[in-house]
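Source file: model.txt; contents: compact mmCIF, N, CA, C and O atoms.
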```txt
# COMPACT_ATOMS: atom_id res chain seq x y z
N MET A 1 136.55 106.41 95.40
CA MET A 1 135.85 106.41 96.68
C MET A 1 136.70 105.63 97.69
O MET A 1 137.24 104.59 97.39
N ALA A 2 136.81 106.14 98.88
CA ALA A 2 137.63 105.50 99.91
C ALA A 2 137.04 104.15 100.32
O ALA A 2 135.83 103.95 100.28
N LEU A 3 137.91 103.27 100.71
CA LEU A 3 137.48 101.95 101.15
C LEU A 3 136.59 102.06 102.38
O LEU A 3 136.88 102.81 103.30
N GLY A 4 135.50 101.32 102.37
CA GLY A 4 134.62 101.30 103.54
C GLY A 4 133.58 102.42 103.57
O GLY A 4 132.78 102.47 104.48
N THR A 5 133.62 103.30 102.60
CA THR A 5 132.60 104.35 102.57
C THR A 5 131.53 103.97 101.57
O THR A 5 131.82 103.41 100.52
N LYS A 6 130.31 104.28 101.90
CA LYS A 6 129.20 103.99 101.01
C LYS A 6 128.66 105.30 100.48
O LYS A 6 128.56 106.27 101.21
N LYS A 7 128.33 105.31 99.21
CA LYS A 7 127.71 106.49 98.62
C LYS A 7 126.26 106.52 99.05
O LYS A 7 125.51 105.61 98.77
N ARG A 8 125.90 107.53 99.82
CA ARG A 8 124.52 107.64 100.27
C ARG A 8 123.75 108.59 99.37
O ARG A 8 124.30 109.58 98.91
N GLU A 9 122.50 108.27 99.19
CA GLU A 9 121.65 109.16 98.41
C GLU A 9 121.39 110.42 99.22
O GLU A 9 121.43 110.40 100.44
N ALA A 10 121.16 111.51 98.52
CA ALA A 10 120.93 112.78 99.19
C ALA A 10 119.73 112.68 100.11
O ALA A 10 118.66 112.22 99.72
N ARG A 11 119.95 113.09 101.35
CA ARG A 11 118.86 113.09 102.32
C ARG A 11 118.29 114.50 102.43
O ARG A 11 119.04 115.47 102.41
N LYS A 12 117.00 114.57 102.54
CA LYS A 12 116.32 115.86 102.66
C LYS A 12 115.88 116.02 104.10
O LYS A 12 115.16 115.18 104.64
N SER A 13 116.35 117.07 104.76
CA SER A 13 115.95 117.33 106.14
C SER A 13 114.45 117.63 106.15
O SER A 13 113.97 118.43 105.36
N LEU A 14 113.73 116.97 107.05
CA LEU A 14 112.28 117.07 106.99
C LEU A 14 111.68 117.60 108.29
O LEU A 14 110.91 118.55 108.28
N ARG A 15 112.02 116.99 109.44
CA ARG A 15 111.45 117.35 110.75
C ARG A 15 109.93 117.44 110.65
O ARG A 15 109.33 118.45 110.96
N GLN A 16 109.31 116.36 110.16
CA GLN A 16 107.87 116.32 109.98
C GLN A 16 107.30 115.16 110.78
O GLN A 16 107.93 114.12 110.90
N SER A 17 106.10 115.34 111.31
CA SER A 17 105.45 114.26 112.02
C SER A 17 105.16 113.12 111.07
O SER A 17 104.81 113.34 109.92
N GLY A 18 105.34 111.90 111.57
CA GLY A 18 105.03 110.72 110.78
C GLY A 18 104.29 109.72 111.64
O GLY A 18 104.06 109.95 112.84
N TRP A 19 103.92 108.60 111.05
CA TRP A 19 103.17 107.55 111.74
C TRP A 19 103.78 106.20 111.43
O TRP A 19 104.08 105.90 110.28
N ILE A 20 103.92 105.39 112.44
CA ILE A 20 104.47 104.04 112.29
C ILE A 20 103.36 103.05 112.60
O ILE A 20 102.66 103.20 113.60
N THR A 21 103.22 102.04 111.75
CA THR A 21 102.36 100.92 112.09
C THR A 21 103.22 99.66 112.02
O THR A 21 104.14 99.57 111.21
N LEU A 22 102.91 98.72 112.88
CA LEU A 22 103.65 97.47 112.92
C LEU A 22 102.94 96.45 112.05
O LEU A 22 101.81 96.67 111.64
N ASP A 23 103.60 95.35 111.77
CA ASP A 23 103.05 94.30 110.89
C ASP A 23 101.54 94.12 111.01
O ASP A 23 101.05 93.62 112.01
N GLY A 24 100.82 94.56 110.00
CA GLY A 24 99.38 94.37 109.96
C GLY A 24 98.62 95.09 111.07
O GLY A 24 97.43 94.90 111.24
N GLY A 25 99.34 95.91 111.82
CA GLY A 25 98.71 96.59 112.96
C GLY A 25 97.85 97.75 112.54
O GLY A 25 98.05 98.34 111.49
N PHE A 26 96.89 98.06 113.37
CA PHE A 26 96.00 99.18 113.08
C PHE A 26 96.36 100.39 113.92
O PHE A 26 96.01 101.49 113.57
N ALA A 27 97.05 100.19 115.02
CA ALA A 27 97.40 101.30 115.91
C ALA A 27 98.60 102.05 115.34
O ALA A 27 99.70 101.52 115.29
N ALA A 28 98.37 103.26 114.89
CA ALA A 28 99.45 104.09 114.37
C ALA A 28 100.12 104.81 115.53
O ALA A 28 99.46 105.42 116.35
N ARG A 29 101.44 104.71 115.59
CA ARG A 29 102.20 105.40 116.63
C ARG A 29 102.90 106.61 116.01
O ARG A 29 103.46 106.51 114.93
N PRO A 30 102.87 107.73 116.70
CA PRO A 30 103.52 108.92 116.15
C PRO A 30 105.04 108.80 116.20
O PRO A 30 105.60 108.12 117.06
N CYS A 31 105.68 109.46 115.25
CA CYS A 31 107.14 109.56 115.24
C CYS A 31 107.51 110.89 114.60
O CYS A 31 106.64 111.61 114.11
N MET A 32 108.79 111.22 114.62
CA MET A 32 109.28 112.41 113.93
C MET A 32 110.21 111.94 112.83
O MET A 32 111.16 111.21 113.10
N VAL A 33 109.90 112.31 111.59
CA VAL A 33 110.77 111.97 110.47
C VAL A 33 111.80 113.08 110.36
O VAL A 33 111.49 114.21 109.99
N GLU A 34 113.04 112.76 110.77
CA GLU A 34 114.11 113.76 110.79
C GLU A 34 114.59 114.11 109.38
O GLU A 34 114.77 115.26 109.03
N ASP A 35 114.85 113.07 108.59
CA ASP A 35 115.21 113.28 107.21
C ASP A 35 114.78 112.07 106.39
O ASP A 35 114.44 111.03 106.93
N ILE A 36 114.78 112.26 105.06
CA ILE A 36 114.28 111.20 104.18
C ILE A 36 115.06 111.24 102.87
O ILE A 36 115.54 112.30 102.46
N SER A 37 115.23 110.07 102.27
CA SER A 37 115.85 109.97 100.95
C SER A 37 115.04 108.96 100.16
O SER A 37 114.14 108.32 100.70
N PRO A 38 115.35 108.78 98.88
CA PRO A 38 114.60 107.79 98.11
C PRO A 38 114.74 106.37 98.67
O PRO A 38 113.87 105.53 98.44
N SER A 39 115.80 106.10 99.42
CA SER A 39 116.01 104.73 99.90
C SER A 39 115.68 104.51 101.38
O SER A 39 115.63 103.37 101.83
N GLY A 40 115.45 105.58 102.15
CA GLY A 40 115.18 105.38 103.57
C GLY A 40 114.93 106.68 104.30
O GLY A 40 114.78 107.74 103.70
N ALA A 41 114.92 106.57 105.64
CA ALA A 41 114.64 107.74 106.47
C ALA A 41 115.27 107.58 107.84
O ALA A 41 115.61 106.48 108.25
N LYS A 42 115.43 108.71 108.52
CA LYS A 42 115.86 108.71 109.92
C LYS A 42 114.67 109.19 110.72
O LYS A 42 114.11 110.25 110.45
N ILE A 43 114.27 108.38 111.73
CA ILE A 43 113.10 108.72 112.52
C ILE A 43 113.44 108.71 114.01
O ILE A 43 114.36 108.03 114.44
N THR A 44 112.68 109.50 114.76
CA THR A 44 112.80 109.51 116.22
C THR A 44 111.46 109.05 116.79
O THR A 44 110.41 109.52 116.36
N VAL A 45 111.53 108.11 117.74
CA VAL A 45 110.33 107.56 118.35
C VAL A 45 110.41 107.72 119.87
O VAL A 45 111.50 107.89 120.42
N ALA A 46 109.27 107.66 120.53
CA ALA A 46 109.24 107.81 121.98
C ALA A 46 109.93 106.64 122.67
O ALA A 46 110.64 106.81 123.65
N ASP A 47 109.73 105.42 122.15
CA ASP A 47 110.32 104.24 122.77
C ASP A 47 110.89 103.32 121.71
O ASP A 47 110.19 102.51 121.12
N ASN A 48 112.17 103.44 121.47
CA ASN A 48 112.87 102.66 120.46
C ASN A 48 112.89 101.17 120.80
O ASN A 48 112.96 100.32 119.93
N ASN A 49 112.82 100.82 122.09
CA ASN A 49 112.93 99.43 122.51
C ASN A 49 111.79 98.56 122.02
O ASN A 49 111.93 97.35 121.90
N THR A 50 110.63 99.16 121.75
CA THR A 50 109.49 98.36 121.30
C THR A 50 109.35 98.38 119.78
O THR A 50 108.39 97.87 119.24
N LEU A 51 110.31 98.98 119.10
CA LEU A 51 110.25 99.06 117.64
C LEU A 51 110.76 97.75 117.03
O LEU A 51 111.89 97.35 117.28
N PRO A 52 109.93 97.07 116.25
CA PRO A 52 110.37 95.82 115.64
C PRO A 52 111.29 96.07 114.44
O PRO A 52 111.46 97.22 114.02
N ALA A 53 111.84 95.01 113.89
CA ALA A 53 112.76 95.14 112.75
C ALA A 53 112.03 95.60 111.49
O ALA A 53 112.61 96.26 110.66
N LYS A 54 110.74 95.25 111.37
CA LYS A 54 109.97 95.66 110.19
C LYS A 54 108.78 96.49 110.62
O LYS A 54 108.12 96.17 111.61
N LEU A 55 108.51 97.55 109.86
CA LEU A 55 107.39 98.44 110.18
C LEU A 55 106.95 99.14 108.92
O LEU A 55 107.53 98.95 107.86
N ARG A 56 105.93 99.97 109.06
CA ARG A 56 105.43 100.77 107.94
C ARG A 56 105.48 102.23 108.38
O ARG A 56 105.05 102.57 109.48
N LEU A 57 106.00 103.09 107.53
CA LEU A 57 106.15 104.51 107.84
C LEU A 57 105.28 105.32 106.89
O LEU A 57 105.35 105.14 105.68
N ALA A 58 104.47 106.20 107.46
CA ALA A 58 103.60 107.08 106.66
C ALA A 58 103.80 108.52 107.12
O ALA A 58 104.08 108.77 108.29
N LEU A 59 103.62 109.44 106.20
CA LEU A 59 103.74 110.86 106.53
C LEU A 59 102.38 111.48 106.80
O LEU A 59 102.28 112.67 107.05
N SER A 60 101.33 110.66 106.78
CA SER A 60 100.00 111.15 107.13
C SER A 60 99.34 110.12 108.04
O SER A 60 99.79 108.98 108.13
N ARG A 61 98.28 110.51 108.69
CA ARG A 61 97.59 109.61 109.60
C ARG A 61 97.00 108.43 108.83
O ARG A 61 96.76 107.37 109.38
N ASP A 62 96.77 108.61 107.53
CA ASP A 62 96.28 107.52 106.68
C ASP A 62 97.46 106.62 106.36
O ASP A 62 98.18 106.83 105.40
N THR A 63 97.67 105.62 107.20
CA THR A 63 98.88 104.80 107.10
C THR A 63 98.88 103.89 105.87
O THR A 63 99.90 103.31 105.54
N ARG A 64 97.76 103.79 105.16
CA ARG A 64 97.77 102.98 103.93
C ARG A 64 98.69 103.60 102.89
O ARG A 64 99.14 102.92 101.97
N SER A 65 98.96 104.89 103.03
CA SER A 65 99.85 105.56 102.08
C SER A 65 101.32 105.36 102.45
O SER A 65 102.20 105.87 101.78
N GLY A 66 101.58 104.60 103.49
CA GLY A 66 102.94 104.44 103.98
C GLY A 66 103.78 103.47 103.15
O GLY A 66 103.29 102.86 102.21
N ARG A 67 105.04 103.35 103.57
CA ARG A 67 105.97 102.46 102.88
C ARG A 67 106.54 101.46 103.87
O ARG A 67 106.82 101.80 105.02
N ALA A 68 106.72 100.23 103.40
CA ALA A 68 107.31 99.18 104.23
C ALA A 68 108.78 99.51 104.46
O ALA A 68 109.48 99.97 103.56
N CYS A 69 109.25 99.29 105.70
CA CYS A 69 110.61 99.63 106.08
C CYS A 69 111.23 98.51 106.92
O CYS A 69 110.52 97.73 107.54
N GLU A 70 112.56 98.51 106.94
CA GLU A 70 113.31 97.67 107.86
C GLU A 70 114.26 98.58 108.62
O GLU A 70 114.90 99.46 108.03
N VAL A 71 114.36 98.37 109.93
CA VAL A 71 115.28 99.15 110.75
C VAL A 71 116.70 98.68 110.46
O VAL A 71 116.97 97.48 110.48
N VAL A 72 117.61 99.61 110.16
CA VAL A 72 118.99 99.24 109.85
C VAL A 72 119.97 99.69 110.93
O VAL A 72 121.07 99.16 111.03
N TRP A 73 119.60 100.66 111.75
CA TRP A 73 120.43 101.05 112.90
C TRP A 73 119.57 101.75 113.94
O TRP A 73 118.51 102.27 113.62
N ARG A 74 120.06 101.73 115.18
CA ARG A 74 119.36 102.38 116.31
C ARG A 74 120.38 103.09 117.18
O ARG A 74 121.42 102.54 117.49
N ARG A 75 120.07 104.32 117.56
CA ARG A 75 120.89 105.09 118.51
C ARG A 75 119.95 105.85 119.42
O ARG A 75 119.38 106.85 119.02
N GLY A 76 119.79 105.34 120.64
CA GLY A 76 118.85 106.00 121.56
C GLY A 76 117.44 105.94 121.00
O GLY A 76 116.97 104.88 120.61
N LYS A 77 116.79 107.08 120.92
CA LYS A 77 115.40 107.13 120.40
C LYS A 77 115.35 107.33 118.90
O LYS A 77 114.28 107.40 118.31
N THR A 78 116.51 107.43 118.27
CA THR A 78 116.58 107.64 116.83
C THR A 78 116.98 106.35 116.14
O THR A 78 117.77 105.58 116.64
N CYS A 79 116.39 106.11 114.97
CA CYS A 79 116.78 104.94 114.20
C CYS A 79 116.69 105.24 112.71
O CYS A 79 116.02 106.18 112.29
N GLY A 80 117.42 104.46 111.96
CA GLY A 80 117.42 104.58 110.51
C GLY A 80 116.66 103.42 109.91
O GLY A 80 116.78 102.29 110.36
N VAL A 81 115.85 103.71 108.91
CA VAL A 81 115.10 102.66 108.22
C VAL A 81 115.39 102.72 106.73
O VAL A 81 115.64 103.78 106.19
N LYS A 82 115.37 101.55 106.11
CA LYS A 82 115.46 101.51 104.65
C LYS A 82 114.13 101.05 104.12
O LYS A 82 113.44 100.23 104.73
N PHE A 83 113.75 101.63 102.98
CA PHE A 83 112.47 101.26 102.36
C PHE A 83 112.64 99.93 101.63
O PHE A 83 113.64 99.71 100.96
N VAL A 84 111.67 99.04 101.81
CA VAL A 84 111.68 97.74 101.15
C VAL A 84 110.38 97.57 100.39
O VAL A 84 109.42 98.30 100.60
N ARG A 85 110.33 96.60 99.52
CA ARG A 85 109.11 96.35 98.74
C ARG A 85 108.19 95.43 99.50
O ARG A 85 108.55 94.62 100.23
```
Write-out of the structure in structure tokens:
Amino acid sequence: MALGTKKREARKSLRQSGWITLDGGFAARPCMVEDISPSGAKITVADNNTLPAKLRLALSRDTRSGRACEVVWRRGKTCGVKFVR
């Protein structure tokens, strides 16, 4: 493997609506899940500037089924998150 390259897990293109909730928050904000892998996802949000470093991502309006995430990169309205415990 070349120096500086990381082996990424296979990402599955999704383009599915998702929901973001912030720390202990009840207000679910819509997002678009562009792709997903076992370790993270790429999402697009209406306003990236208000997105905190930690959030919860769900693929249904029932956000209790979601997974805890940390934002690892941001580009415009798109950002990458990794799943955490």
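What separates atom C of Ser37 (chain A) from atom O of Ala10 (chain A) is a distance of 4.9 Å.
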(message) Nearest residue to Asn49 (chain A) out of A:Phe83, A:Lys77, A:Arg29, A:Thr21, using all atoms listed in the file?
(response) A:Lys77
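Taking CA of Cys79 (chain A) and atom O of Leu22 (chain A) as the two end points, the separation is 17.3 Å.
Shortest separation to Arg67 (chain A) among A:Leu55, A:Ala41, A:Val33, A:Ala46 occurs at residue A:Leu55, atoms counted being all atoms listed in the file.
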(message) Using DSSP assignments from the backbone, pull out every residue in chain A that falls under strand (DSSP E or B) and give it to me as number ranges by chain.
(response) A: 12-22, 29-37, 40-44, 54-58, 67-75, 78-83
Could you pull out all residues of chain A with a DSSP call of helix (DSSP H, G or I) and give them as a PDB file with N, CA, C and O atoms, in the coordinates of the input?
```
ATOM      1  N   ASN A  48     112.170 103.440 121.470  1.00  0.00           N
ATOM      2  CA  ASN A  48     112.870 102.660 120.460  1.00  0.00           C
ATOM      3  C   ASN A  48     112.890 101.170 120.800  1.00  0.00           C
ATOM      4  O   ASN A  48     112.960 100.320 119.930  1.00  0.00           O
ATOM      5  N   ASN A  49     112.820 100.820 122.090  1.00  0.00           N
ATOM      6  CA  ASN A  49     112.930  99.430 122.510  1.00  0.00           C
ATOM      7  C   ASN A  49     111.790  98.560 122.020  1.00  0.00           C
ATOM      8  O   ASN A  49     111.930  97.350 121.900  1.00  0.00           O
ATOM      9  N   THR A  50     110.630  99.160 121.750  1.00  0.00           N
ATOM     10  CA  THR A  50     109.490  98.360 121.300  1.00  0.00           C
ATOM     11  C   THR A  50     109.350  98.380 119.780  1.00  0.00           C
ATOM     12  O   THR A  50     108.390  97.870 119.240  1.00  0.00           O
ATOM     13  N   THR A  63      97.670 105.620 107.200  1.00  0.00           N
ATOM     14  CA  THR A  63      98.880 104.800 107.100  1.00  0.00           C
ATOM     15  C   THR A  63      98.880 103.890 105.870  1.00  0.00           C
ATOM     16  O   THR A  63      99.900 103.310 105.540  1.00  0.00           O
ATOM     17  N   ARG A  64      97.760 103.790 105.160  1.00  0.00           N
ATOM     18  CA  ARG A  64      97.770 102.980 103.930  1.00  0.00           C
ATOM     19  C   ARG A  64      98.690 103.600 102.890  1.00  0.00           C
ATOM     20  O   ARG A  64      99.140 102.920 101.970  1.00  0.00           O
ATOM     21  N   SER A  65      98.960 104.890 103.030  1.00  0.00           N
ATOM     22  CA  SER A  65      99.850 105.560 102.080  1.00  0.00           C
ATOM     23  C   SER A  65     101.320 105.360 102.450  1.00  0.00           C
ATOM     24  O   SER A  65     102.200 105.870 101.780  1.00  0.00           O
TER      25      SER A  65
END
```
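Here the question is which of A:Pro52, A:Arg61, A:Thr44, A:Ser39 gets nearest to Phe26 (chain A) using only C-alpha atoms, and that residue is A:Arg61.
Comparing A:Arg64, A:Asn48, A:Thr78, A:Lys12 by their smallest distance to Met32 (chain A), the closest is A:Thr78 (using only C-alpha atoms).
Atom pair atom N of Lys82 (chain A) / CA of Ala28 (chain A): separated by 18.1 Å.
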(message) When you look at Cys31 (chain A) with a cut-off of 5 Å (counting only N, CA, C and O atoms), what residues show up, excluding the ones that are within fewer than 4 positions of it in the same chain? I need them as a ChimeraX atom specification.
(response) /A:16-19,44-45
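Closest approach to Leu57 (chain A) from the set A:Ile20, A:Ile36, A:Trp73, A:Lys42 is made by A:Ile20, with distances taken over only C-alpha atoms.
With only N, CA, C and O atoms as the atoms that count, the minimum distance from Val71 (chain A) to the choices A:Ala27, A:Lys54, A:Val84, A:Ser13 is reached by A:Lys54.
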Please return region 28-39 of chain A, rebuilt to all heavy atoms, as a CSV table (one decimal), in the coordinates of the input.
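After the write, selection-v1.csv holds the following:
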```csv
chain,number,residue,atom,x,y,z
A,28,ALA,N,98.4,103.3,114.9
A,28,ALA,CA,99.4,104.1,114.4
A,28,ALA,C,100.1,104.8,115.5
A,28,ALA,O,99.5,105.4,116.4
A,28,ALA,CB,98.9,105.1,113.4
A,29,ARG,N,101.4,104.7,115.6
A,29,ARG,CA,102.2,105.4,116.6
A,29,ARG,C,102.9,106.6,116.0
A,29,ARG,O,103.5,106.5,114.9
A,29,ARG,CB,103.2,104.5,117.2
A,29,ARG,CG,102.6,103.3,117.9
A,29,ARG,CD,103.5,102.2,118.2
A,29,ARG,NE,104.9,102.6,118.7
A,29,ARG,CZ,105.9,101.7,118.9
A,29,ARG,NH1,105.7,100.4,118.7
A,29,ARG,NH2,107.0,102.1,119.2
A,30,PRO,N,102.9,107.7,116.7
A,30,PRO,CA,103.5,108.9,116.2
A,30,PRO,C,105.0,108.8,116.2
A,30,PRO,O,105.6,108.1,117.1
A,30,PRO,CB,103.0,110.0,117.1
A,30,PRO,CG,102.7,109.4,118.3
A,30,PRO,CD,102.2,108.0,118.0
A,31,CYS,N,105.7,109.5,115.2
A,31,CYS,CA,107.1,109.6,115.2
A,31,CYS,C,107.5,110.9,114.6
A,31,CYS,O,106.6,111.6,114.1
A,31,CYS,CB,107.8,108.4,114.5
A,31,CYS,SG,107.5,108.4,112.7
A,32,MET,N,108.8,111.2,114.6
A,32,MET,CA,109.3,112.4,113.9
A,32,MET,C,110.2,111.9,112.8
A,32,MET,O,111.2,111.2,113.1
A,32,MET,CB,110.0,113.3,114.9
A,32,MET,CG,110.6,114.5,114.3
A,32,MET,SD,109.4,115.7,113.6
A,32,MET,CE,108.6,116.3,115.1
A,33,VAL,N,109.9,112.3,111.6
A,33,VAL,CA,110.8,112.0,110.5
A,33,VAL,C,111.8,113.1,110.4
A,33,VAL,O,111.5,114.2,110.0
A,33,VAL,CB,110.0,111.8,109.2
A,33,VAL,CG1,110.9,111.4,108.0
A,33,VAL,CG2,108.9,110.8,109.3
A,34,GLU,N,113.0,112.8,110.8
A,34,GLU,CA,114.1,113.8,110.8
A,34,GLU,C,114.6,114.1,109.4
A,34,GLU,O,114.8,115.3,109.0
A,34,GLU,CB,115.3,113.3,111.6
A,34,GLU,CG,115.0,112.9,113.0
A,34,GLU,CD,114.5,114.0,113.9
A,34,GLU,OE1,114.8,115.2,113.6
A,34,GLU,OE2,113.9,113.8,115.0
A,35,ASP,N,114.8,113.1,108.6
A,35,ASP,CA,115.2,113.3,107.2
A,35,ASP,C,114.8,112.1,106.4
A,35,ASP,O,114.4,111.0,106.9
A,35,ASP,CB,116.7,113.6,107.0
A,35,ASP,CG,117.6,112.5,107.4
A,35,ASP,OD1,117.3,111.3,107.2
A,35,ASP,OD2,118.7,112.8,108.0
A,36,ILE,N,114.8,112.3,105.1
A,36,ILE,CA,114.3,111.2,104.2
A,36,ILE,C,115.1,111.2,102.9
A,36,ILE,O,115.5,112.3,102.5
A,36,ILE,CB,112.8,111.4,104.0
A,36,ILE,CG1,112.1,110.1,103.4
A,36,ILE,CG2,112.5,112.6,103.1
A,36,ILE,CD1,110.6,110.1,103.5
A,37,SER,N,115.2,110.1,102.3
A,37,SER,CA,115.8,110.0,101.0
A,37,SER,C,115.0,109.0,100.2
A,37,SER,O,114.1,108.3,100.7
A,37,SER,CB,117.3,109.5,101.1
A,37,SER,OG,117.4,108.1,101.4
A,38,PRO,N,115.4,108.8,98.9
A,38,PRO,CA,114.6,107.8,98.1
A,38,PRO,C,114.7,106.4,98.7
A,38,PRO,O,113.9,105.5,98.4
A,38,PRO,CB,115.2,107.9,96.7
A,38,PRO,CG,115.8,109.3,96.6
A,38,PRO,CD,116.2,109.6,98.0
A,39,SER,N,115.8,106.1,99.4
A,39,SER,CA,116.0,104.7,99.9
A,39,SER,C,115.7,104.5,101.4
A,39,SER,O,115.6,103.4,101.8
A,39,SER,CB,117.5,104.3,99.6
A,39,SER,OG,118.3,105.2,100.3
```
